[in-house]
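This is run-v5.txt. It holds compact mmCIF, C-alpha atoms and all ligand atoms.
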# COMPACT_ATOMS: atom_id res chain seq x y z
CA MET A 30 8.76 43.41 25.30
CA SER A 31 9.12 39.72 24.63
CA LEU A 32 11.73 38.79 22.05
CA SER A 33 11.18 35.10 21.57
CA ARG A 34 8.24 32.80 21.66
CA GLU A 35 7.92 30.91 24.93
CA PRO A 36 7.94 27.11 24.65
CA PHE A 37 4.41 25.85 25.14
CA LEU A 38 5.04 22.14 25.59
CA SER A 39 2.44 21.90 28.31
CA GLN A 40 -0.05 23.70 26.11
CA THR A 41 -0.19 21.72 22.88
CA THR A 42 -3.43 20.47 21.43
CA ASP A 43 -2.50 16.95 22.42
CA THR A 44 -5.14 15.85 24.84
CA LYS A 45 -5.05 12.20 23.85
CA GLU A 46 -3.62 9.64 26.25
CA ALA A 47 -1.69 7.66 23.63
CA GLN A 48 1.96 8.30 22.95
CA PRO A 49 2.46 10.42 19.86
CA LEU A 50 4.03 8.66 16.90
CA LEU A 51 5.78 11.87 15.95
CA GLU A 52 6.65 14.65 18.32
CA LEU A 53 8.42 17.88 17.46
CA ARG A 54 9.85 19.92 20.29
CA GLN A 55 10.89 23.49 19.58
CA LEU A 56 12.19 22.40 16.17
CA CYS A 57 14.20 25.08 14.36
CA LYS A 58 15.99 25.35 11.03
CA HIS A 59 17.75 28.68 10.70
CA PHE A 60 20.02 29.83 7.89
CA PRO A 61 22.74 32.34 8.76
CA ILE A 62 22.83 35.67 6.94
CA ARG A 63 26.41 36.81 6.45
CA GLY A 64 27.65 40.31 5.73
CA GLY A 65 30.56 42.72 5.85
CA PHE A 66 34.16 42.27 4.81
CA LEU A 67 34.70 39.22 7.06
CA GLN A 68 31.39 37.61 6.13
CA ARG A 69 30.38 37.39 9.77
CA GLN A 70 26.90 36.21 10.66
CA VAL A 71 24.71 39.29 10.92
CA GLY A 72 21.34 37.59 11.24
CA ALA A 73 19.37 34.47 10.40
CA ILE A 74 16.48 33.38 8.24
CA LYS A 75 14.25 31.47 10.63
CA ALA A 76 12.78 29.20 7.96
CA VAL A 77 11.43 26.75 10.57
CA ASN A 78 11.08 28.27 14.01
CA GLN A 79 10.16 26.75 17.38
CA ILE A 80 7.71 24.17 16.09
CA ASP A 81 5.95 22.07 18.72
CA LEU A 82 3.65 19.47 17.24
CA SER A 83 2.52 15.89 17.80
CA VAL A 84 0.94 13.40 15.43
CA PHE A 85 -0.79 10.42 17.04
CA PRO A 86 -1.15 6.93 15.54
CA GLY A 87 -3.81 6.93 12.83
CA GLU A 88 -4.24 10.71 13.00
CA THR A 89 -4.04 13.17 10.10
CA VAL A 90 -2.58 16.56 10.89
CA THR A 91 -2.47 19.06 8.02
CA LEU A 92 -0.22 22.09 8.05
CA VAL A 93 -1.38 24.81 5.66
CA GLY A 94 0.97 27.60 4.60
CA HIS A 95 1.67 29.83 1.63
CA SER A 96 4.74 29.42 -0.54
CA GLY A 97 7.83 30.03 1.59
CA ALA A 98 6.04 29.24 4.86
CA GLY A 99 8.55 26.45 5.54
CA LYS A 100 6.49 23.34 4.71
CA SER A 101 9.12 21.49 2.67
CA LEU A 102 11.95 22.44 5.00
CA LEU A 103 9.95 21.24 7.98
CA ALA A 104 9.23 17.91 6.28
CA ARG A 105 12.88 17.46 5.31
CA THR A 106 14.05 18.36 8.79
CA ILE A 107 11.67 15.84 10.37
CA VAL A 108 12.97 12.97 8.23
CA GLN A 109 16.55 14.18 8.80
CA LEU A 110 17.30 14.98 5.16
CA ILE A 111 18.33 18.30 6.70
CA GLN A 112 19.81 18.64 10.17
CA PRO A 113 17.81 20.90 12.50
CA THR A 114 19.53 23.95 13.97
CA SER A 115 18.01 23.09 17.34
CA GLY A 116 15.09 21.28 18.91
CA ALA A 117 14.16 17.62 18.78
CA VAL A 118 12.26 15.14 16.63
CA LEU A 119 10.90 12.11 18.48
CA PHE A 120 9.55 9.06 16.68
CA ASP A 121 7.58 6.57 18.75
CA GLY A 122 8.81 8.28 21.90
CA LYS A 123 12.52 8.25 21.05
CA GLU A 124 14.63 11.17 19.98
CA ILE A 125 15.91 10.50 16.46
CA ALA A 126 19.22 12.30 17.06
CA LYS A 127 19.98 9.90 19.92
CA MET A 128 19.02 6.67 18.13
CA GLY A 129 21.55 3.95 17.43
CA ARG A 130 22.02 2.64 13.88
CA ALA A 131 19.45 -0.16 14.08
CA GLU A 132 16.84 2.07 15.71
CA LEU A 133 17.41 4.79 13.12
CA ARG A 134 17.03 2.30 10.31
CA LEU A 135 13.71 1.13 11.71
CA ALA A 136 12.54 4.71 12.23
CA ARG A 137 13.41 5.56 8.62
CA GLN A 138 11.42 2.54 7.50
CA GLN A 139 8.40 3.48 9.58
CA MET A 140 8.44 7.21 8.80
CA GLN A 141 8.38 7.97 5.08
CA MET A 142 8.02 11.16 3.12
CA THR A 143 6.95 12.05 -0.41
CA LEU A 144 8.60 15.01 -2.10
CA GLN A 145 6.41 17.86 -3.32
CA ASP A 146 7.22 17.73 -7.02
CA PRO A 147 6.30 14.41 -8.62
CA TYR A 148 8.21 15.40 -11.78
CA THR A 149 11.60 15.64 -10.10
CA ALA A 150 10.97 13.12 -7.31
CA LEU A 151 11.24 10.12 -9.64
CA ASN A 152 14.47 9.21 -11.41
CA PRO A 153 13.65 9.46 -15.15
CA LYS A 154 16.21 6.78 -16.01
CA MET A 155 14.66 4.15 -13.78
CA MET A 156 11.76 1.89 -14.68
CA VAL A 157 8.84 1.90 -12.21
CA SER A 158 9.75 -1.62 -11.09
CA GLU A 159 13.27 -0.39 -10.22
CA ILE A 160 11.96 2.71 -8.45
CA LEU A 161 9.68 0.61 -6.26
CA ALA A 162 12.28 -2.11 -5.70
CA GLU A 163 14.82 0.38 -4.36
CA PRO A 164 13.29 0.89 -0.87
CA LEU A 165 12.55 -2.85 -0.67
CA LYS A 166 16.22 -3.61 -1.27
CA ILE A 167 17.55 -0.90 1.03
CA HIS A 168 15.41 -2.17 3.90
CA LYS A 169 15.79 -5.86 2.91
CA LEU A 170 12.05 -6.34 2.89
CA VAL A 171 11.49 -9.01 0.22
CA ASP A 172 13.39 -11.75 -1.55
CA GLY A 173 13.69 -11.86 -5.33
CA ARG A 174 10.53 -13.88 -5.99
CA SER A 175 8.08 -11.93 -3.90
CA GLN A 176 9.49 -8.58 -5.03
CA LYS A 177 7.52 -8.67 -8.28
CA GLU A 178 4.32 -9.46 -6.38
CA ARG A 179 4.97 -6.69 -3.87
CA ILE A 180 5.54 -4.16 -6.66
CA ALA A 181 2.27 -5.20 -8.32
CA GLU A 182 0.53 -4.89 -4.94
CA LEU A 183 1.96 -1.40 -4.39
CA LEU A 184 0.82 -0.22 -7.81
CA GLN A 185 -2.68 -1.56 -7.19
CA LEU A 186 -2.74 0.05 -3.77
CA VAL A 187 -2.35 3.50 -5.36
CA GLY A 188 -4.83 2.79 -8.15
CA LEU A 189 -2.33 2.02 -10.93
CA ASN A 190 -2.28 -0.99 -13.21
CA PRO A 191 0.51 -3.48 -12.25
CA TYR A 192 1.29 -3.54 -15.97
CA PHE A 193 2.84 -0.06 -15.50
CA ALA A 194 5.83 -1.62 -13.70
CA GLY A 195 7.65 -1.76 -17.02
CA ARG A 196 7.19 1.94 -17.82
CA TYR A 197 9.37 4.98 -17.17
CA PRO A 198 8.24 8.10 -15.22
CA HIS A 199 7.89 10.26 -18.34
CA GLU A 200 5.14 7.93 -19.56
CA PHE A 201 2.83 9.01 -16.71
CA SER A 202 0.58 12.01 -16.09
CA GLY A 203 1.18 14.33 -13.11
CA SER A 204 -1.38 12.65 -10.89
CA GLN A 205 -0.12 9.18 -11.86
CA ARG A 206 3.39 10.28 -10.89
CA GLN A 207 2.06 11.49 -7.55
CA ARG A 208 0.55 8.00 -7.12
CA LEU A 209 3.94 6.47 -7.91
CA ASN A 210 5.52 8.80 -5.41
CA LEU A 211 3.09 7.48 -2.80
CA ALA A 212 3.64 3.84 -3.82
CA ARG A 213 7.38 4.23 -3.31
CA ALA A 214 6.88 5.77 0.14
CA LEU A 215 4.50 2.98 1.12
CA ALA A 216 6.90 0.21 0.07
CA THR A 217 8.41 0.00 3.55
CA ARG A 218 4.98 -0.25 5.25
CA PRO A 219 5.40 3.00 7.21
CA LYS A 220 3.31 3.95 10.24
CA LEU A 221 3.68 7.64 9.43
CA LEU A 222 3.63 9.26 6.03
CA ILE A 223 4.66 12.88 5.54
CA VAL A 224 3.16 14.12 2.29
CA ASP A 225 4.62 17.38 1.02
CA ASP A 226 2.07 19.38 -0.94
CA PRO A 227 0.73 16.52 -3.08
CA LEU A 228 -1.77 18.78 -4.84
CA LEU A 229 0.49 21.69 -5.78
CA ALA A 230 1.61 20.53 -9.21
CA LEU A 231 -1.75 19.03 -10.15
CA ASP A 232 -4.75 20.17 -12.14
CA THR A 233 -7.70 21.13 -9.91
CA VAL A 234 -9.79 18.36 -11.49
CA VAL A 235 -7.51 15.59 -10.23
CA GLN A 236 -6.67 17.14 -6.84
CA PRO A 237 -9.71 15.61 -5.05
CA GLN A 238 -8.78 12.18 -6.43
CA ILE A 239 -5.39 12.32 -4.71
CA VAL A 240 -6.99 13.37 -1.42
CA GLU A 241 -9.47 10.49 -1.76
CA LEU A 242 -6.58 8.13 -2.37
CA LEU A 243 -4.81 9.39 0.75
CA ALA A 244 -7.98 8.87 2.80
CA GLU A 245 -8.31 5.35 1.42
CA LEU A 246 -4.67 4.50 2.13
CA LYS A 247 -4.90 5.93 5.60
CA GLN A 248 -7.83 3.69 6.41
CA LYS A 249 -6.53 0.56 4.69
CA LEU A 250 -3.04 0.78 6.14
CA ASP A 251 -3.84 2.41 9.49
CA LEU A 252 -1.47 5.25 8.64
CA ALA A 253 -0.81 8.49 10.45
CA LEU A 254 -0.42 11.40 8.04
CA LEU A 255 1.34 14.71 8.29
CA LEU A 256 0.02 16.52 5.25
CA LEU A 257 1.50 19.80 4.02
CA ALA A 258 -0.70 21.97 1.83
CA SER A 259 -0.53 25.47 0.39
CA ASN A 260 -4.22 26.22 0.98
CA PHE A 261 -7.41 24.86 2.53
CA ALA A 262 -8.84 23.37 -0.66
CA HIS A 263 -9.85 19.70 -0.40
CA VAL A 264 -8.11 18.93 2.92
CA ARG A 265 -11.01 19.34 5.35
CA ALA A 266 -12.47 15.84 5.11
CA ILE A 267 -9.19 14.05 5.60
CA SER A 268 -7.76 16.17 8.45
CA ASP A 269 -8.31 15.56 12.16
CA ARG A 270 -6.40 18.69 13.10
CA ILE A 271 -5.17 21.65 11.10
CA GLY A 272 -2.25 23.94 11.76
CA VAL A 273 -1.32 27.10 9.92
CA LEU A 274 2.29 27.94 9.16
CA HIS A 275 3.41 31.52 8.60
CA LEU A 276 7.07 32.36 8.01
CA GLY A 277 8.26 29.18 9.67
CA GLU A 278 6.00 29.34 12.73
CA ILE A 279 2.71 27.72 13.67
CA VAL A 280 0.29 30.61 14.18
CA GLU A 281 -2.85 28.52 14.68
CA LEU A 282 -3.57 24.89 15.55
CA GLY A 283 -6.82 23.16 16.40
CA GLU A 284 -9.47 20.62 15.51
CA THR A 285 -10.32 20.82 11.80
CA ASP A 286 -13.90 22.07 12.22
CA ALA A 287 -12.81 24.80 14.64
CA VAL A 288 -10.10 26.09 12.30
CA TYR A 289 -12.53 26.07 9.37
CA GLU A 290 -15.53 27.54 11.15
CA ARG A 291 -13.84 29.89 13.59
CA PRO A 292 -10.32 30.73 12.45
CA LEU A 293 -8.69 32.81 15.18
CA HIS A 294 -5.61 34.15 13.42
CA PRO A 295 -5.98 36.80 10.68
CA HIS A 296 -3.44 34.95 8.53
CA THR A 297 -5.63 31.83 8.67
CA GLN A 298 -8.61 33.98 7.73
CA PHE A 299 -6.66 35.38 4.81
CA ILE A 300 -5.78 31.93 3.45
CA HIS A 301 -9.40 30.86 3.97
CA SER A 302 -10.72 33.87 2.10
CA GLN A 303 -8.43 33.05 -0.81
CA THR A 304 -9.20 29.35 -0.82
CA ARG A 305 -12.90 29.02 -0.26
CA PRO A 306 -15.41 29.90 -2.94
CA LEU A 307 -17.12 33.18 -2.12
CA GLU A 308 -20.50 31.59 -1.50
CA ALA A 309 -18.97 29.38 1.20
CA ILE A 310 -17.55 32.34 3.08
CA ASN A 311 -19.77 33.14 6.00
CA ASP A 312 -20.21 36.54 7.63
CA ARG A 313 -17.07 36.20 9.70
CA LEU A 314 -14.98 35.32 6.68
CA GLN A 315 -15.33 38.18 4.29
CA PRO A 316 -12.61 38.43 1.61
CA MET A 317 -9.68 40.07 3.34
CA GLN A 318 -7.56 42.94 2.03
CA LEU A 319 -4.01 42.90 3.31
CA THR A 320 -2.45 46.21 4.30
CA GLY A 321 1.04 45.58 2.92
CA PRO A 322 3.34 43.16 1.14
CA ALA A 323 4.76 40.06 2.83
CA PRO A 324 7.85 40.91 4.88
CA ASP A 325 11.34 39.88 3.82
CA PRO A 326 12.18 36.69 5.80
CA ALA A 327 15.67 38.14 6.31
CA LYS A 328 14.23 41.33 7.89
CA LEU A 329 11.18 40.38 9.91
CA PRO A 330 9.23 43.15 11.62
CA SER A 331 9.23 43.59 15.39
CA GLY A 332 6.42 41.90 17.33
CA CYS A 333 4.02 39.84 15.21
CA ASN A 334 5.39 38.63 11.86
CA PHE A 335 1.99 39.24 10.23
CA ARG A 336 1.40 42.76 11.55
CA THR A 337 2.63 44.70 8.50
CA GLN A 338 -0.04 42.97 6.41
CA CYS A 339 -2.76 42.65 9.02
CA PRO A 340 -5.85 44.90 8.90
CA TYR A 341 -6.39 44.37 12.65
CA ALA A 342 -2.85 45.32 13.80
CA THR A 343 -2.46 47.78 16.69
CA ASP A 344 0.49 49.05 18.76
CA ILE A 345 0.76 45.87 20.82
CA CYS A 346 1.30 43.87 17.60
CA ARG A 347 4.36 46.04 16.89
CA ASP A 348 5.70 45.91 20.45
CA GLU A 349 5.11 42.32 21.57
CA LEU A 350 5.46 38.90 20.01
CA PRO A 351 2.08 37.21 20.40
CA PRO A 352 2.36 33.91 22.28
CA LEU A 353 0.64 30.83 20.88
CA ARG A 354 -2.16 30.40 23.40
CA ASP A 355 -5.18 28.19 23.89
CA LEU A 356 -8.42 30.08 23.35
CA SER A 357 -10.72 27.09 23.27
CA LYS A 358 -13.90 27.06 25.29
CA THR A 359 -14.16 23.29 24.97
CA ASP A 360 -11.82 20.46 26.01
CA GLN A 361 -10.32 20.46 22.47
CA PRO A 362 -7.49 23.00 22.43
CA HIS A 363 -7.51 25.72 19.79
CA LEU A 364 -4.25 27.67 19.77
CA ALA A 365 -3.64 31.00 18.09
CA ALA A 366 -0.74 33.44 18.14
CA CYS A 367 -2.65 36.71 17.86
CA HIS A 368 -3.07 39.49 20.43
CA HIS A 369 -6.58 40.10 19.14
CA ALA A 370 -7.77 36.50 18.74
CA GLU A 371 -10.61 36.97 21.25
CA ARG A 372 -12.42 39.29 18.84
CA PHE A 373 -12.76 36.40 16.36
CA GLN A 374 -14.23 33.96 18.87
CA GLU A 375 -17.80 35.15 18.80
N1 LIG B 401 19.40 26.98 1.90
C1 LIG B 401 18.62 27.99 2.26
N2 LIG B 401 19.12 29.17 2.66
C2 LIG B 401 18.33 30.19 3.03
N3 LIG B 401 16.98 30.13 3.02
C3 LIG B 401 16.42 28.99 2.62
C4 LIG B 401 17.19 27.85 2.20
N4 LIG B 401 16.34 26.85 1.87
C5 LIG B 401 15.09 27.36 2.05
N5 LIG B 401 15.16 28.63 2.49
C6 LIG B 401 14.01 29.50 2.80
O1 LIG B 401 13.16 28.84 3.69
C7 LIG B 401 11.81 29.27 3.49
C8 LIG B 401 10.90 28.07 3.45
O2 LIG B 401 11.11 27.32 2.26
P1 LIG B 401 10.22 26.04 1.91
O3 LIG B 401 10.73 25.48 0.64
O4 LIG B 401 10.16 25.14 3.08
O5 LIG B 401 8.79 26.70 1.70
P2 LIG B 401 7.42 25.95 1.30
O6 LIG B 401 6.42 26.32 2.35
O7 LIG B 401 7.66 24.52 1.07
O8 LIG B 401 7.04 26.72 -0.04
P3 LIG B 401 6.39 26.13 -1.42
O9 LIG B 401 4.90 26.09 -1.18
O10 LIG B 401 6.76 27.15 -2.45
O11 LIG B 401 6.98 24.79 -1.68
C9 LIG B 401 11.82 30.09 2.21
O12 LIG B 401 11.76 31.46 2.57
C10 LIG B 401 13.14 29.76 1.57
O13 LIG B 401 13.63 30.83 0.82
MG MG B 402 7.39 23.28 -0.48

Mind turning the file's structure into structure tokens?
Amino acid sequence: MSLSREPFLSQTTDTKEAQPLLELRQLCKHFPIRGGFLQRQVGAIKAVNQIDLSVFPGETVTLVGHSGAGKSLLARTIVQLIQPTSGAVLFDGKEIAKMGRAELRLARQQMQMTLQDPYTALNPKMMVSEILAEPLKIHKLVDGRSQKERIAELLQLVGLNPYFAGRYPHEFSGSQRQRLNLARALATRPKLLIVDDPLLALDTVVQPQIVELLAELKQKLDLALLLLASNFAHVRAISDRIGVLHLGEIVELGETDAVYERPLHPHTQFIHSQTRPLEAINDRLQPMQLTGPAPDPAKLPSGCNFRTQCPYATDICRDELPPLRDLSKTDQPHLAACHHAERFQE
């Protein structure tokens, strides 16, 4: 019986020759569970567990996962707002934990993140001009005279009127605040933008507009994007590759079309069946009924983490942890961590 997932560094979906801009190697963020009189550690919540992933220059990788899947923690761990328990984050080929001060400063400038909630992400006491000036000052990117011009440019870049520089966050709608969030992250001219669930707090009518804006920015600024999303709605057109997070682990990863048309993990199929309008669901993607509630992250089942909910689970799913393996029949890898993935290939 295998107890832990084997590293699969030689088996990622990264077939491209170029050096990845971002590389995650067996990245973990675990929280200890303490118990008993002495409050000893009796277990751990594996909120982010053994993540291997690369994002190449100009590429968009989207990670889809339900609430609690570990999206925000992963994003925060990558940008070092939270220290990982183990594993490594490499930016432009260098391990962030081993960078000197100057290198780290540059990496922080070139790798930016937007927080998921645009309502709390912006300081309500600061005017937009101050919010956007902050990263410029921290990274010493403009002098006093050009700062005003740069702020106007940033507002225009995200589709807002430069006149808004004199307003406060509460004077904006949700989608406008998300635009401000993006403008602030773009102030340092990053090469990589990590966007944490930009659609979550927004009305469905304005969600496509934010995705369109991201696509536009990506093209205009030659950005790489790591996009985190809670479902498959709206992200197909912008994503080069899609991964699926379940309880802190990547359970599927492949080219966007493959993950949409031929999802190989039942959890991916479940999210699809919830996300896509019924008429778009083809024969292989019938609405799925789960067989149980989601497990407690503090008490995960043996074997596959999805097996207590999975209609396809058998004894092997209880006894053995499914490795993330490449099931692709083309030269574009398509990884899935399911013992029964072959049955979904045809
Ligand atoms: N300090 C902590 N101690 C213990 N567990 C934590 C802590 N912070 C987060 N977690 C757990 O980590 C898991 C992942 O949380 P995270 O916020 O990353 O999820 P998410 O995918 O971003 O969800 P959402 O879509 O709701 O934003 C959750 O189960 C959460 O309870
Ligand atoms: Mg989140």

#### Entry: Residues within 9 Å of ligand MG 402 (chain B), counting only C-alpha atoms and all ligand atoms, as a ChimeraX atom specification
/A:95-102,104,144-146,225-226,229,257-259

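With only C-alpha atoms and all ligand atoms as the atoms that count, the minimum distance from ligand LIG 401 (chain B) to the choices A:Lys166, A:His301, A:Lys328, A:His363 is reached by A:Lys328.
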
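Among the candidates A:Val118, A:Leu133, A:Leu252, A:Ala230, the one nearest to ligand LIG 401 (chain B) when counting only C-alpha atoms and all ligand atoms is A:Ala230.
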
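Nearest residue to ligand LIG 401 (chain B) among A:His263, A:Arg174, A:His275, A:Arg137 is A:His275, counting only C-alpha atoms and all ligand atoms.
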
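In terms of minimum interatomic distance to ligand LIG 401 (chain B), A:Phe60 ranks closest within A:Phe60, A:Phe373, A:Phe120, A:Tyr192, counting all atoms listed in the file.
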
### Query
Any idea what the distance is between atom CA of A:Leu161 and atom CA of A:Arg134?
18.2 Å

Since the input lacks some atoms of stretch 219-241 of chain A, please model N, CA and C atoms and print them as a CSV table (one decimal), keeping the file's coordinate frame.
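This is the output file part04.csv:
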chain,number,residue,atom,x,y,z
A,219,PRO,N,5.2,2.0,6.1
A,219,PRO,CA,5.4,3.0,7.2
A,219,PRO,C,4.2,3.1,8.1
A,220,LYS,N,4.4,3.6,9.3
A,220,LYS,CA,3.3,4.0,10.2
A,220,LYS,C,2.9,5.4,10.1
A,221,LEU,N,3.9,6.2,9.6
A,221,LEU,CA,3.7,7.6,9.4
A,221,LEU,C,4.1,8.0,8.0
A,222,LEU,N,3.3,8.8,7.4
A,222,LEU,CA,3.6,9.3,6.0
A,222,LEU,C,3.6,10.8,6.0
A,223,ILE,N,4.7,11.4,5.6
A,223,ILE,CA,4.7,12.9,5.5
A,223,ILE,C,4.5,13.2,4.1
A,224,VAL,N,3.5,13.9,3.7
A,224,VAL,CA,3.2,14.1,2.3
A,224,VAL,C,3.3,15.6,2.0
A,225,ASP,N,4.3,16.0,1.3
A,225,ASP,CA,4.6,17.4,1.0
A,225,ASP,C,3.9,17.9,-0.2
A,226,ASP,N,2.9,18.7,0.1
A,226,ASP,CA,2.1,19.4,-0.9
A,226,ASP,C,1.7,18.5,-2.2
A,227,PRO,N,1.0,17.4,-2.0
A,227,PRO,CA,0.7,16.5,-3.1
A,227,PRO,C,-0.2,17.1,-4.2
A,228,LEU,N,-0.8,18.2,-3.9
A,228,LEU,CA,-1.8,18.8,-4.8
A,228,LEU,C,-1.2,19.9,-5.7
A,229,LEU,N,-0.1,20.4,-5.2
A,229,LEU,CA,0.5,21.7,-5.8
A,229,LEU,C,0.7,21.6,-7.3
A,230,ALA,N,1.3,20.6,-7.8
A,230,ALA,CA,1.6,20.5,-9.2
A,230,ALA,C,0.5,20.0,-10.1
A,231,LEU,N,-0.7,19.7,-9.4
A,231,LEU,CA,-1.8,19.0,-10.2
A,231,LEU,C,-2.9,19.9,-10.6
A,232,ASP,N,-3.5,19.5,-11.7
A,232,ASP,CA,-4.8,20.2,-12.1
A,232,ASP,C,-5.8,20.1,-11.1
A,233,THR,N,-6.7,21.1,-11.0
A,233,THR,CA,-7.7,21.1,-9.9
A,233,THR,C,-8.7,20.0,-10.1
A,234,VAL,N,-8.8,19.5,-11.3
A,234,VAL,CA,-9.8,18.4,-11.5
A,234,VAL,C,-9.3,17.1,-10.8
A,235,VAL,N,-8.0,16.9,-10.8
A,235,VAL,CA,-7.5,15.6,-10.2
A,235,VAL,C,-7.1,15.7,-8.8
A,236,GLN,N,-7.1,17.0,-8.2
A,236,GLN,CA,-6.7,17.1,-6.8
A,236,GLN,C,-7.5,16.3,-5.9
A,237,PRO,N,-8.9,16.4,-6.0
A,237,PRO,CA,-9.7,15.6,-5.0
A,237,PRO,C,-9.4,14.1,-5.1
A,238,GLN,N,-9.1,13.6,-6.3
A,238,GLN,CA,-8.8,12.2,-6.4
A,238,GLN,C,-7.6,11.8,-5.6
A,239,ILE,N,-6.6,12.6,-5.5
A,239,ILE,CA,-5.4,12.3,-4.7
A,239,ILE,C,-5.7,12.4,-3.2
A,240,VAL,N,-6.6,13.3,-2.8
A,240,VAL,CA,-7.0,13.4,-1.4
A,240,VAL,C,-7.8,12.1,-1.1
A,241,GLU,N,-8.7,11.7,-2.0
A,241,GLU,CA,-9.5,10.5,-1.8
A,241,GLU,C,-8.6,9.3,-1.6
